[in-house]
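Participant: One structure follows; several queries about it will come next.
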Amino acid sequence: MPDSQQEFLIATKNRTFVPLDSPEQEEWQGSFTFIQAADTQLGLQERYVEKLTSPGWSKEIAWTKQMVRDINLMSPPPKFLVICGDLIDAYPYPDQEDTRKMQESDLKKELTALNIPLVCVCGNHDVGDSPTAATVHTYRASFGDDYFSFFCGGVYFLAVNSQYWEDSTQCQDLAAQHEAWLDARLAEVKAKEPLHVVVFQHIPLFISDIDEPKQYFNIQPKLRKEILDKFKKAGVKYIFCGHYHRNAGGKYGDLELVVTSAVGAQLGHDDHGYRVVRVTKEKLDHQYCSLGTTHVQK
């Protein structure tokens with residue numbers, strides 16, 4: 001197992017994921033698995049759920065440590081772990097800077113013990129509810145690109161910054177750059193026709209129904225439909241999200257949206273856990289696993 005004190009390395013560069021940035025990854029190499037998690041969010045349990053006056057994050061450290069332990073025991077190892085946003089709880093704002101630095105340091109210490117590559121996707125606590133150039137820069141300096149794409153074993157993955165869809169009022173230029181990049185990648189996908197196309201994001205476009213009204217945990221309906229239609233047209237079949245702190249999801253035609261509950265604080269009745277995703281030529285199967293349950297691949 002790697003030394004947990006080693007340096008946390010930013011894994012993205014020029015909008016790609018460096019550990020899997022090689023031509024052979026564009027080719028199918030047989031079935032594989034990856035792990036999708038969300039909302040490690042160090043600090044939320046005591047601050048929001050327990051409402052302590054001096055909140056810490058020892059519980060989230062323990063939950064994250066258990067997730068890493070579970071994944072490192074899997075055989076054969078998954079191709080990667082993706083955390084779909086809200087890595088820590090403190091926002092990238094000046095008045096939370098000290099807390100954020102401590103939470104970030106503690107999270108990185110646990111994640112450097114992973115035996116497999118780590119994919120980080122940004123959430124609202126990572127770039128701010130209303131992102132600015134400064135908050136996005138803070139995230140990029142700590143965890144890497146806020147959106148990027150990569151191939152793994154013949155499957156094309158897109159990690160997007162869903163916060164631009166939620167509120168781009170203070171970062172319209174950045175949001176426009178994100179949309180131009182996404183449109184270019186989707187055009188490329190449509191031309192190349194990879195085996196599967198998968199999107200990772202933090203905020204679900206919808207929780208369970210394409211026609212549900214706007215709420216805190218989803219994207220407003222008109223934009224939601226536009227994005228989903230864009231994805232469907234390019235051949236996207238799977239979207240994996242977090243943010244809801246409960247398991248949920250639904251379908252829009254043949255496109256499946258999967259909402260995965262948190263490694264950290266729960267807002268429903270699910271166990272702390274992560275999702276094991278099995279990729280075959282035909283489809284992606286997935287199962288939510290509680291922390292502390294070792295998954296042995298068949």
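If you're wondering about the labels, chains in the structure tokens are A, B, ... by order shown, residues count from 1 in each chain, ligands from 1 in order shown.
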Sorted by chain and rising residue number, which residues of region 196-288 of chain A lie within 7 Å of region 71-86 of chain A, and what are their closest atom pairs and distances in Å to one decimal, counting only C-alpha atoms, as a tab-separated table?
Facilitator:
```
residue	atom	partner	partner_atom	distance
A:Phe200	CA	A:Cys84	CA	6.5
A:Gln201	CA	A:Cys84	CA	5.8
A:His202	CA	A:Gly85	CA	5.1
A:Cys241	CA	A:Cys84	CA	6.0
A:Gly242	CA	A:Cys84	CA	5.7
```
Participant: Can you pull out the residues contacting Leu111 (chain A)? Cut-off 9 Å, using only C-alpha atoms, and skip same-chain residues under 3 positions away; I want them as a list in words.
Facilitator: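 The residues that qualify are Ser4, Phe8, Thr64, Lys65, Val68, Asp106, Leu107, Lys108, Leu114 and Leu118 of chain A.
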Participant: Check which residues of region 84-162 of chain A sit at most 7 Å from region 166-176 of chain A using only C-alpha atoms, and return one row each with the closest pair of atoms and their distance in Å to one decimal, ordered by chain and rising number, as CSV.
Facilitator:
```
residue,atom,partner,partner_atom,distance
A:Ser130,CA,A:Asp167,CA,5.4
A:Pro131,CA,A:Cys171,CA,6.3
A:Thr132,CA,A:Cys171,CA,5.1
A:Ala133,CA,A:Cys171,CA,6.2
A:Ser162,CA,A:Glu166,CA,6.7
```
Participant: For Glu46 (chain A), list every protein, DNA or RNA residue within 10 Å, evaluated using only C-alpha atoms, and leave out those in the same chain fewer than 3 positions away; present the list as a PDB file with N, CA, C and O atoms, in the first residue's frame.
Facilitator:
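That gives us result.pdb:
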```
ATOM      1  N   LEU A  42     -15.871  16.451   4.338  1.00  0.00           N
ATOM      2  CA  LEU A  42     -15.371  16.542   5.706  1.00  0.00           C
ATOM      3  C   LEU A  42     -15.914  17.778   6.412  1.00  0.00           C
ATOM      4  O   LEU A  42     -15.703  18.900   5.958  1.00  0.00           O
ATOM      5  N   GLY A  43     -16.656  17.576   7.506  1.00  0.00           N
ATOM      6  CA  GLY A  43     -17.181  18.669   8.310  1.00  0.00           C
ATOM      7  C   GLY A  43     -18.684  18.793   8.332  1.00  0.00           C
ATOM      8  O   GLY A  43     -19.243  19.450   9.217  1.00  0.00           O
ATOM      9  N   VAL A  49     -25.654  18.197  10.456  1.00  0.00           N
ATOM     10  CA  VAL A  49     -26.541  17.147  10.954  1.00  0.00           C
ATOM     11  C   VAL A  49     -26.642  17.203  12.476  1.00  0.00           C
ATOM     12  O   VAL A  49     -27.736  17.237  13.046  1.00  0.00           O
ATOM     13  N   GLU A  50     -25.492  17.240  13.159  1.00  0.00           N
ATOM     14  CA  GLU A  50     -25.491  17.249  14.617  1.00  0.00           C
ATOM     15  C   GLU A  50     -25.556  18.659  15.196  1.00  0.00           C
ATOM     16  O   GLU A  50     -25.835  18.830  16.382  1.00  0.00           O
ATOM     17  N   LYS A  51     -25.265  19.655  14.369  1.00  0.00           N
ATOM     18  CA  LYS A  51     -25.340  21.071  14.740  1.00  0.00           C
ATOM     19  C   LYS A  51     -24.536  21.386  16.008  1.00  0.00           C
ATOM     20  O   LYS A  51     -25.022  22.058  16.928  1.00  0.00           O
ATOM     21  N   LEU A  52     -23.307  20.910  16.040  1.00  0.00           N
ATOM     22  CA  LEU A  52     -22.418  21.186  17.161  1.00  0.00           C
ATOM     23  C   LEU A  52     -21.863  22.599  17.049  1.00  0.00           C
ATOM     24  O   LEU A  52     -21.671  23.139  15.965  1.00  0.00           O
ATOM     25  N   THR A  53     -21.590  23.201  18.175  1.00  0.00           N
ATOM     26  CA  THR A  53     -21.097  24.575  18.183  1.00  0.00           C
ATOM     27  C   THR A  53     -19.640  24.662  17.743  1.00  0.00           C
ATOM     28  O   THR A  53     -19.206  25.680  17.210  1.00  0.00           O
ATOM     29  N   SER A  54     -18.865  23.609  17.971  1.00  0.00           N
ATOM     30  CA  SER A  54     -17.470  23.564  17.520  1.00  0.00           C
ATOM     31  C   SER A  54     -17.263  22.289  16.711  1.00  0.00           C
ATOM     32  O   SER A  54     -16.651  21.324  17.180  1.00  0.00           O
ATOM     33  N   PRO A  55     -17.775  22.276  15.486  1.00  0.00           N
ATOM     34  CA  PRO A  55     -17.761  21.028  14.714  1.00  0.00           C
ATOM     35  C   PRO A  55     -16.368  20.624  14.244  1.00  0.00           C
ATOM     36  O   PRO A  55     -15.540  21.469  13.897  1.00  0.00           O
ATOM     37  N   GLY A  56     -16.141  19.321  14.252  1.00  0.00           N
ATOM     38  CA  GLY A  56     -14.929  18.738  13.681  1.00  0.00           C
ATOM     39  C   GLY A  56     -15.314  17.847  12.522  1.00  0.00           C
ATOM     40  O   GLY A  56     -16.412  17.953  11.975  1.00  0.00           O
ATOM     41  N   TRP A  57     -14.433  16.936  12.164  1.00  0.00           N
ATOM     42  CA  TRP A  57     -14.717  16.048  11.028  1.00  0.00           C
ATOM     43  C   TRP A  57     -14.050  14.685  11.209  1.00  0.00           C
ATOM     44  O   TRP A  57     -13.679  14.025  10.252  1.00  0.00           O
ATOM     45  N   SER A  58     -13.929  14.245  12.430  1.00  0.00           N
ATOM     46  CA  SER A  58     -13.313  12.941  12.690  1.00  0.00           C
ATOM     47  C   SER A  58     -14.150  11.803  12.113  1.00  0.00           C
ATOM     48  O   SER A  58     -13.605  10.791  11.668  1.00  0.00           O
ATOM     49  N   LYS A  59     -15.475  11.949  12.110  1.00  0.00           N
ATOM     50  CA  LYS A  59     -16.332  10.894  11.563  1.00  0.00           C
ATOM     51  C   LYS A  59     -16.098  10.737  10.066  1.00  0.00           C
ATOM     52  O   LYS A  59     -15.984   9.622   9.547  1.00  0.00           O
ATOM     53  N   GLU A  60     -16.027  11.870   9.344  1.00  0.00           N
ATOM     54  CA  GLU A  60     -15.791  11.788   7.904  1.00  0.00           C
ATOM     55  C   GLU A  60     -14.408  11.222   7.597  1.00  0.00           C
ATOM     56  O   GLU A  60     -14.237  10.497   6.613  1.00  0.00           O
ATOM     57  N   ALA A 265     -21.906  12.410   5.490  1.00  0.00           N
ATOM     58  CA  ALA A 265     -23.190  12.568   6.173  1.00  0.00           C
ATOM     59  C   ALA A 265     -24.357  12.118   5.300  1.00  0.00           C
ATOM     60  O   ALA A 265     -24.411  12.423   4.110  1.00  0.00           O
TER      61      ALA A 265
END
```
Participant: So the first atom is CA of Ile207 (chain A) and the second is CA of Lys222 (chain A); what is the distance between them in Å, to one decimal place?
Facilitator: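 Distance between the two atoms: 15.0 Å.
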Participant: What lies within 9 Å of Val189 (chain A) using only C-alpha atoms, ignoring chain neighbours under 3 positions off, as a PyMOL selection string?
Facilitator: chain A and resi 156+184-186+192-194+197+234-236
Participant: Could you write those residues out with N, CA, C and O atoms, as an mmCIF file, in the first residue's frame?
Facilitator:
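Output file again.cif follows:
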```
data_model
loop_
_atom_site.group_PDB
_atom_site.id
_atom_site.type_symbol
_atom_site.label_atom_id
_atom_site.label_comp_id
_atom_site.auth_asym_id
_atom_site.auth_seq_id
_atom_site.Cartn_x
_atom_site.Cartn_y
_atom_site.Cartn_z
ATOM 1 N N TYR A 156 -15.555 6.274 -22.910
ATOM 2 C CA TYR A 156 -15.246 7.702 -22.840
ATOM 3 C C TYR A 156 -15.959 8.320 -21.644
ATOM 4 O O TYR A 156 -17.174 8.148 -21.478
ATOM 5 N N ALA A 184 -17.650 20.663 -27.957
ATOM 6 C CA ALA A 184 -16.577 20.101 -28.782
ATOM 7 C C ALA A 184 -16.332 18.636 -28.450
ATOM 8 O O ALA A 184 -16.123 17.801 -29.339
ATOM 9 N N ARG A 185 -16.361 18.304 -27.166
ATOM 10 C CA ARG A 185 -16.134 16.917 -26.764
ATOM 11 C C ARG A 185 -17.290 16.026 -27.219
ATOM 12 O O ARG A 185 -17.083 14.894 -27.650
ATOM 13 N N LEU A 186 -18.511 16.519 -27.118
ATOM 14 C CA LEU A 186 -19.655 15.715 -27.541
ATOM 15 C C LEU A 186 -19.663 15.507 -29.050
ATOM 16 O O LEU A 186 -20.053 14.438 -29.536
ATOM 17 N N LYS A 192 -16.482 9.599 -33.065
ATOM 18 C CA LYS A 192 -15.677 8.412 -32.739
ATOM 19 C C LYS A 192 -16.514 7.207 -32.358
ATOM 20 O O LYS A 192 -16.067 6.069 -32.471
ATOM 21 N N GLU A 193 -17.715 7.434 -31.821
ATOM 22 C CA GLU A 193 -18.621 6.367 -31.393
ATOM 23 C C GLU A 193 -17.935 5.358 -30.477
ATOM 24 O O GLU A 193 -17.820 4.169 -30.811
ATOM 25 N N PRO A 194 -17.461 5.798 -29.296
ATOM 26 C CA PRO A 194 -16.876 4.849 -28.348
ATOM 27 C C PRO A 194 -17.921 3.859 -27.847
ATOM 28 O O PRO A 194 -19.133 4.061 -28.029
ATOM 29 N N VAL A 197 -20.430 6.036 -23.383
ATOM 30 C CA VAL A 197 -20.103 7.409 -23.002
ATOM 31 C C VAL A 197 -20.751 7.670 -21.646
ATOM 32 O O VAL A 197 -21.964 7.483 -21.474
ATOM 33 N N ALA A 234 -25.551 12.901 -28.459
ATOM 34 C CA ALA A 234 -24.146 12.503 -28.609
ATOM 35 C C ALA A 234 -23.908 11.040 -28.242
ATOM 36 O O ALA A 234 -22.806 10.528 -28.434
ATOM 37 N N GLY A 235 -24.917 10.380 -27.686
ATOM 38 C CA GLY A 235 -24.761 8.965 -27.354
ATOM 39 C C GLY A 235 -24.450 8.680 -25.903
ATOM 40 O O GLY A 235 -24.093 7.542 -25.545
ATOM 41 N N VAL A 236 -24.574 9.679 -25.026
ATOM 42 C CA VAL A 236 -24.375 9.441 -23.587
ATOM 43 C C VAL A 236 -25.488 8.535 -23.077
ATOM 44 O O VAL A 236 -26.665 8.774 -23.340
#
```
Participant: Among region 47-175 of chain A, which residues does DSSP mark as helix (DSSP H, G or I) when it is run on the backbone? Keep the chain and numbering as in the structure and answer as an MDAnalysis selection string.
Facilitator: chainID A and resid 47:49 58:72 94:111 124:127 133:143 163:166 172:175
